[in-house]
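Let me begin by presenting the structure, written as structure tokens, before commenting on it.
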Number of protein chains: 4
Amino acid sequence: MIIVLKPDAPVEAAAEVIDLLDTAEVESHLVVDQGREVVIAPGAPSELVAMVAGHGSVERVVKTGGPAMLVSSAYSPMRTVIDVSGVSVGGDTFVVIAGPCAVEGRDQILEVAHAVKRHGARMLRGDAFKPRTSPYSFQGLGESALKLLADAREETGLPFVAEVLDTRDVELVAGYADMIRVGTRNMSNYPLLRELGRQPKPVLLKRGRTATLDEWLSAAEYVYGSGNPNVVLVERGIRTFEPSTRNTLDISAIPSVKRKTHLPVLVDPSHAAGDSGLVPALARAALAAGADGLIVDVHPDPSTALVDGDQALEPSQFGDLMSQLRSIAAALGLSL
Amino acid sequence: MIIVLKPDAPVEAAAEVIDLLDTAEVESHLVVDQGREVVIAPGAPSELVAMVAGHGSVERVVKTGGPAMLVSSAYSPMRTVIDVSGVSVGGDTFVVIAGPCAVEGRDQILEVAHAVKRHGARMLRGDAFKPRTSPYSFQGLGESALKLLADAREETGLPFVAEVLDTRDVELVAGYADMIRVGTRNMSNYPLLRELGRQPKPVLLKRGRTATLDEWLSAAEYVYGSGNPNVVLVERGIRTFEPSTRNTLDISAIPSVKRKTHLPVLVDPSHAAGDSGLVPALARAALAAGADGLIVDVHPDPSTALVDGDQALEPSQFGDLMSQLRSIAAALGLSL
Amino acid sequence: MIIVLKPDAPVEAAAEVIDLLDTAEVESHLVVDQGREVVIAPGAPSELVAMVAGHGSVERVVKTGGPAMLVSSAYSPMRTVIDVSGVSVGGDTFVVIAGPCAVEGRDQILEVAHAVKRHGARMLRGDAFKPRTSPYSFQGLGESALKLLADAREETGLPFVAEVLDTRDVELVAGYADMIRVGTRNMSNYPLLRELGRQPKPVLLKRGRTATLDEWLSAAEYVYGSGNPNVVLVERGIRTFEPSTRNTLDISAIPSVKRKTHLPVLVDPSHAAGDSGLVPALARAALAAGADGLIVDVHPDPSTALVDGDQALEPSQFGDLMSQLRSIAAALGLSL
Amino acid sequence: MIIVLKPDAPVEAAAEVIDLLDTAEVESHLVVDQGREVVIAPGAPSELVAMVAGHGSVERVVKTGGPAMLVSSAYSPMRTVIDVSGVSVGGDTFVVIAGPCAVEGRDQILEVAHAVKRHGARMLRGDAFKPRTSPYSFQGLGESALKLLADAREETGLPFVAEVLDTRDVELVAGYADMIRVGTRNMSNYPLLRELGRQPKPVLLKRGRTATLDEWLSAAEYVYGSGNPNVVLVERGIRTFEPSTRNTLDISAIPSVKRKTHLPVLVDPSHAAGDSGLVPALARAALAAGADGLIVDVHPDPSTALVDGDQALEPSQFGDLMSQLRSIAAALGLSL
């Protein structure tokens with residue numbers, strides 16, 4: 001059960017509602033959604049609805065069926081549109097975010113930024129901190145990469161998204177980036193999610209490699225329930241037995257998770273496939289299946305990339321893909 | 001290594017080539033592809049190419065890189081188009097096969113056949129023999145269902161595909177159906193595959209629930225190498241940890257398997273999703289990802305279906321889906 | 001609901017019970033378990049118990065909780081012991097079946113049979129028909145292999161188990177073997193399972209590579225419900241993402257499936273691991289986890305084996321393993 | 001390639017070796033293993049061995065075959081024994097760690113501590129910080145739980161292990177616990193692993209729910225290569241399609257990972273099964289398969305546990321399990 005208080009509820013109202021639930025031996029949690037106090041009572045039986053709804057400061061009581069979460073469609077049936085420095089994610093425009101997996105130097109990031117902008121990307125991706133399987137692989141350039149991304153933003157006007165790995169770096173990354181990414185390895189890093197919920201930059205939350213849809217949404221709830229409603233989900237492939245791709249893109253997750261949540265959902269075809277030759281087909285499929293956008297690896301010279309070169313498109317391949325997407329988007333009544 | 005003999009090779013030529021390989025201690029197999037003798041030598045080292053190619057009756061020697069199979073792209077780089085009673089599968093038309101999971105009676109199958117024809121389906125599906133997890137579930141109507149399907153074909157002009165489960169029923173099913181389906185549970189039923197290779201009706205081969213792409217192609221090779229080159233593959237979802245769908249549609253399998261083989265590839269969004277609400281999104285994604293067509297469950301009244309009602313579209317929902325597919329197909333330069 | 005009729009029930013009793021259920025719109029199936037008529041009514045609500053139990057020819061009515069199956073623990077709470085030509089499977093002796101994956105010739109099979117007998121194996125394994133991923137791999141020696149196995153049995157006194165792949169070969173294999181194996185690829189080959197249910201030889205039913213426990217038990221019910229109660233289950237590893245073993249032995253399946261069924265459960269550590277170096281650890285774990293026995297690959301010279309040599313133990317390694325198992329069995333109060 | 005310098009190598013030696021590799025365009029990393037300087041050069045070709053070995057300060061050069069890591073068996077062929085406040089993990093004693101999933105209060109933890117001690121546990125488990133799927137579930141008592149664990153240690157003499165979730169809490173947890181656990185969700189939280197590598201308390205590293213063995217060892221290398229060689233691995237089940245257990249215990253991982261690494265390996269049967277009725281069978285299997293010990297959930301009253309009560313043993317069940325393990329350990333020549 002989710003209990004939304006009236007905007008003008010007096011300060012003591014939340015405590016009163018929580019006491020009511022307490023009396024009925026139901027545990028509850030006070031959260032704030034965009035200035036509005038909300039009480040979450042996951043285990044409340046539906047018989048309590050009338051009683052709680054009777055409190056004068058209660059605006060509405062949501063019976064969720066599934067888990068009681070602010071990210072659920074039950075709580076907010078309208079689809080959410082999130083503003084990232086002027087770019088709308090989740091509306092009628094299919095948003096393409098593109099750029100290199102890792103920032104490797106000034107020339108690289110500027111070249112890619114200009115190229116993806118020219119071909120129609122709305123945002124830039126590029127990382128300063130890379131979570132690598134081996135401690136002896138390239139781990140990212142750190143703050144200097146964030147500065148280069150800021151320079152690329154200044155030159156191209158493209159907002160950028162960058163990954164954060166450590167609670168201690170949230171403030172640093174948030175100081176530069178327009179949007180902060182949580183990678184698949186950190187989807188269940190709850191202290192990191194809470195910290196991201198306490199700062200204002202939008203969050204791009206990748207699905208964990210073996211997270212179910214419900215676990216993914218619970219991770220989003222960690223951010224949202226900590227105070228930051230600007231969460232965008234990214235399906236990036238799950239781990240299966242099939243060896244021909246790096247991961248198995250769970251295309252059904254797009255329509256499936258959109259039933260469960262009001263948050264926008266993007267697809268990362270690059271990390272799913274691990275193979276640039278498969279990226280265009282997956283990108284087209286994502287659009288056709290109803291995703292709100294893509295995050296795609298593009299590198300000026302994939303063969304020399306320090307990270308994940310196999311999956312990066314060259315700028316011209318990215319241009320071809322964007323043309324294909326434009327035709328399909330038009331057929332679906334969307335812009336790109 | 002695959003060695004293709006000249007059309008006019010004398011009868012003793014194949015034996016001579018096999019002897020040559022034998023001398024080099026390489027095992028080989030003689031198969032016939034559309035009248036042409038072909039020797040398959042899976043383990044032949046590339047040093048033998050020149051020697052074998054030197055034989056006067058050898059037209060060409062194919063080095064396959066991967067497994068030496070007639071279904072591989074290396075053997076036949078051009079995409080194969082398969083004729084099913086006048087319907088071309090694998091060409092510029094995205095072929096939609098539709099109908100009920102199981103034939104339940106005359107009215108049901110005729111009603112669906114007319115409906116799917118009206119909305120643009122090119123073939124009818126419907127089963128007489130159902131492989132059910134429980135021995136106490138409805139197992140299909142048997143031969144009488146095949147007769148009803150033949151009646152529906154006569155009324156609508158739609159060729160039909162039906163499943164076979166037992167080597168002893170191949171002749172029976174082939175006597176009625178235009179195309180014979182091998183279900184996911186039988187993908188590795190090799191005696192059945194061989195038997196289907198020895199009869200002329202085209203075969204629709206579903207991917208096993210946990211088959212890798214290479215295992216799936218090897219299953220196709222059982223049919224092809226036994227004499228029947230008319231094999232169409234169907235991706236229908238693989239088994240993963242994710243519980244929100246019945247199976248996980250492996251959308252990457254479309255571009256991935258099309259690199260490996262010249263055979264057409266369809267998608268079954270119904271059995272993948274197990275949920276009719278997800279079928280349209282998966283069907284659109286399949287088209288956008290490059291599939292050659294679909295096989296979709298349609299039932300006049302899904303709530304009363306004896307098998308898999310949850311995943312069947314109603315005829316009007318199927319009509320809506322076909323409209324969506326028509327727009328996307330046009331954007332991709334295909335007809336429907 | 002499972003309704004067991006009295007031994008002396010008149011011939012019309014079953015039809016009367018089925019009529020009773022029919023009147024309540026509950027579908028039911030008549031099966032015969034070791035001479036006793038039993039009516040299976042999977043969807044019967046528990047309110048009907050009293051009514052059905054009131055029929056004079058009904059001995060007892062079993063409410064199953066889970067699926068209504070003869071293989072379920074609810075139907076038969078006592079653990080079943082199955083006799084295979086004098087060897088008891090499922091009792092206080094941990095039964096080890098050993099031998100080569102495929103019969104390759106007289107010397108090979110006789111040498112292995114004597115060796116495994118000497119080290120304490122109770123039964124011999126060896127196949128005449130091999131289901132191979134590629135049609136161009138060795139497919140088994142067919143009937144001549146069955147004759148060699150019969151010779152080995154005559155020399156050593158060990159009963160043998162062999163695989164059948166085709167409904168048309170059941171009679172042939174049953175004519176030689178003491179027990180018939182259904183391989184992982186055929187676990188859902190229902191016509192084959194039914195055919196095995198109609199002949200008297202005990203059946204060794206391997207778990208499908210991605211079968212859930214409930215699907216595996218339903219497959220066993222196909223055999224049992226068709227008239228053959230002598231079914232032994234074999235856990236042989238499931239398909240997962242982990243590449244370091246051929247399959248992932250699901251050790252939890254042993255205690256888990258033994259809660260659900262009264263049938264004996266063996267483990268095949270060889271096909272699970274695909275690596276002979278891991279076989280002893282898995283074999284010991286199987287014994288400790290409560291399995292009723294093992295089926296293990298042993299080959300006189302694994303490096304030359306035509307099938308699966310990587311996973312076969314040499315006879316001396318098998319001897320060492322048997323010593324280890326003997327100690328653990330003693331600690332657990334079992335004999336070997 | 002791993003290059004171990006002599007104990008008395010001059011300060012400039014490491015830089016010289018790195019320069020040599022640099023000249024050959026091979027990247028390398030300097031780490032310190034128990035006071036000894038070691039240079040890791042993952043991509044070094046074996047032709048360089050002689051050159052590098054020729055440097056006067058090089059003691060030995062290890063060609064690793066697989067990844068160049070300090071945790072690999074190639075680097076240290078002898079099995080490592082790790083001391084945790086007097087308890088040896090990895091030697092001839094099978095070490096059982098037991099206790100509640102979460103610390104819930106003084107009475108609970110003291111009662112369990114005394115009970116598991118009485119039955120033969122060598123260490124206590126209990127958490128202060130719990131990573132919960134939902135932000136609205138009990139998240140642990142924090143520092144006060146650590147104090148209670150310290151009290152339980154004082155009363156019983158059992159060292160304890162507790163989980164850490166946040167890089168910012170490492171110092172806090174290390175201030176109380178004898179050993180620090182990294183949970184399955186954090187196996188790829190590299191900043192956390194590095195931080196644990198920079199403090200001296202032994203680390204218990206659980207396998208990620210979908211980590212391959214190689215990814216797990218790379219995670220261990222993050223700790224070891226950062227300066228802390230005291231790492232113990234815990235297999236705790238992987239995520240598969242099988243729904244009857246919470247996870248699928250990968251019993252093959254025990255012998256398999258012990259081939260690859262010299263570190264000790266424990267098993268967590270409780271989190272693998274998610275069901276206390278299966279725990280004894282899995283625990284016995286772990287011992288028989290060669291694990292170095294267990295970490296088991298024990299709760300004085302599982303039905304009231306705040307976290308994971310379904311999988312916790314009651315103290316008397318734990319006692320029974322310990323008796324069984326004692327018999328098997330004796331049969332295997334181990335003590336408990």
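Each chain in the structure tokens gets a letter, A, B, ..., in the order shown, and its residues are numbered from 1; ligands are numbered from 1 in order too.
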
Checklist entry - What residues in chain A have any atom no more than 7 Å from chain C when counting only C-alpha atoms, and can you write them as a PyMOL selection string? => result chain A and resi 239-241

Next on the checklist: Could you list, as a PyMOL selection string, every residue within 9 Å of Gly157 in chain D, counting only C-alpha atoms and ignoring same-chain residues fewer than 4 positions away?
Outcome noted: chain D and resi 117+123+152-153

Next on the checklist: Please list as a ChimeraX atom specification every residue within 12 Å of Ala283 in chain D, counting only C-alpha atoms and excluding residues in the same chain fewer than 6 positions away.
Outcome noted: /C:251-252,255,285-286,288-290 /D:94-97,235-236,249,251,266-273,276-277,289-297,313,318,320-326,328-329

Checklist entry - Which parts of range 56-292 of chain A does DSSP call strand (DSSP E or B) when run on the backbone here, written out as a PyMOL selection string? => result chain A and resi 58-62+72+82-84+87-89+93+95-99+102+123-125+127+160-163+179-182+203-206+231-235+238+248+250+261+265-267

Using only C-alpha atoms, find each residue in range 219-254 of chain D having at least one atom no more than 10 Å away from range 192-198 of chain D; report its shortest atom-to-atom pair and that distance in Å (one decimal), rows by chain then rising number, as CSV.
```
residue,atom,partner,partner_atom,distance
D:Ala219,CA,D:Leu193,CA,7.3
D:Ala220,CA,D:Leu193,CA,7.9
D:Glu221,CA,D:Leu193,CA,8.9
D:Tyr222,CA,D:Arg194,CA,5.7
D:Val223,CA,D:Gly197,CA,4.1
D:Tyr224,CA,D:Gly197,CA,6.0
D:Gly225,CA,D:Gly197,CA,7.2
D:Ser226,CA,D:Gly197,CA,4.6
D:Gly227,CA,D:Gly197,CA,5.2
D:Asn228,CA,D:Gly197,CA,4.6
D:Pro229,CA,D:Gly197,CA,7.9
D:Asn230,CA,D:Gly197,CA,8.9
D:Val231,CA,D:Gly197,CA,9.3
```

Print the selection's residues with N, CA and C atoms to a file, as a PDB file, in the first residue's frame.
```pdb
ATOM      1  N   ALA D 219      38.230 -11.256  -9.128  1.00  0.00           N
ATOM      2  CA  ALA D 219      37.786 -10.444  -7.995  1.00  0.00           C
ATOM      3  C   ALA D 219      38.716 -10.669  -6.801  1.00  0.00           C
ATOM      4  N   ALA D 220      39.094 -11.930  -6.578  1.00  0.00           N
ATOM      5  CA  ALA D 220      40.029 -12.229  -5.483  1.00  0.00           C
ATOM      6  C   ALA D 220      41.370 -11.532  -5.722  1.00  0.00           C
ATOM      7  N   GLU D 221      41.748 -11.453  -6.993  1.00  0.00           N
ATOM      8  CA  GLU D 221      43.017 -10.797  -7.326  1.00  0.00           C
ATOM      9  C   GLU D 221      42.976  -9.301  -6.992  1.00  0.00           C
ATOM     10  N   TYR D 222      41.795  -8.685  -7.109  1.00  0.00           N
ATOM     11  CA  TYR D 222      41.686  -7.274  -6.713  1.00  0.00           C
ATOM     12  C   TYR D 222      42.104  -7.103  -5.249  1.00  0.00           C
ATOM     13  N   VAL D 223      41.687  -8.040  -4.388  1.00  0.00           N
ATOM     14  CA  VAL D 223      42.057  -7.954  -2.972  1.00  0.00           C
ATOM     15  C   VAL D 223      43.531  -8.309  -2.788  1.00  0.00           C
ATOM     16  N   TYR D 224      43.901  -9.445  -3.319  1.00  0.00           N
ATOM     17  CA  TYR D 224      45.270  -9.959  -3.119  1.00  0.00           C
ATOM     18  C   TYR D 224      46.307  -8.984  -3.703  1.00  0.00           C
ATOM     19  N   GLY D 225      46.041  -8.549  -4.929  1.00  0.00           N
ATOM     20  CA  GLY D 225      47.002  -7.670  -5.607  1.00  0.00           C
ATOM     21  C   GLY D 225      47.075  -6.282  -4.984  1.00  0.00           C
ATOM     22  N   SER D 226      46.091  -5.927  -4.149  1.00  0.00           N
ATOM     23  CA  SER D 226      46.143  -4.648  -3.444  1.00  0.00           C
ATOM     24  C   SER D 226      46.875  -4.768  -2.117  1.00  0.00           C
ATOM     25  N   GLY D 227      47.349  -5.979  -1.813  1.00  0.00           N
ATOM     26  CA  GLY D 227      48.200  -6.102  -0.636  1.00  0.00           C
ATOM     27  C   GLY D 227      47.731  -7.062   0.444  1.00  0.00           C
ATOM     28  N   ASN D 228      46.537  -7.668   0.266  1.00  0.00           N
ATOM     29  CA  ASN D 228      46.030  -8.562   1.312  1.00  0.00           C
ATOM     30  C   ASN D 228      45.883  -9.982   0.772  1.00  0.00           C
ATOM     31  N   PRO D 229      46.814 -10.866   1.133  1.00  0.00           N
ATOM     32  CA  PRO D 229      46.789 -12.218   0.560  1.00  0.00           C
ATOM     33  C   PRO D 229      45.812 -13.160   1.264  1.00  0.00           C
ATOM     34  N   ASN D 230      45.133 -12.658   2.288  1.00  0.00           N
ATOM     35  CA  ASN D 230      44.290 -13.536   3.102  1.00  0.00           C
ATOM     36  C   ASN D 230      42.854 -13.568   2.581  1.00  0.00           C
ATOM     37  N   VAL D 231      42.670 -14.288   1.484  1.00  0.00           N
ATOM     38  CA  VAL D 231      41.362 -14.333   0.846  1.00  0.00           C
ATOM     39  C   VAL D 231      40.856 -15.773   0.863  1.00  0.00           C
TER      40      VAL D 231
END
```
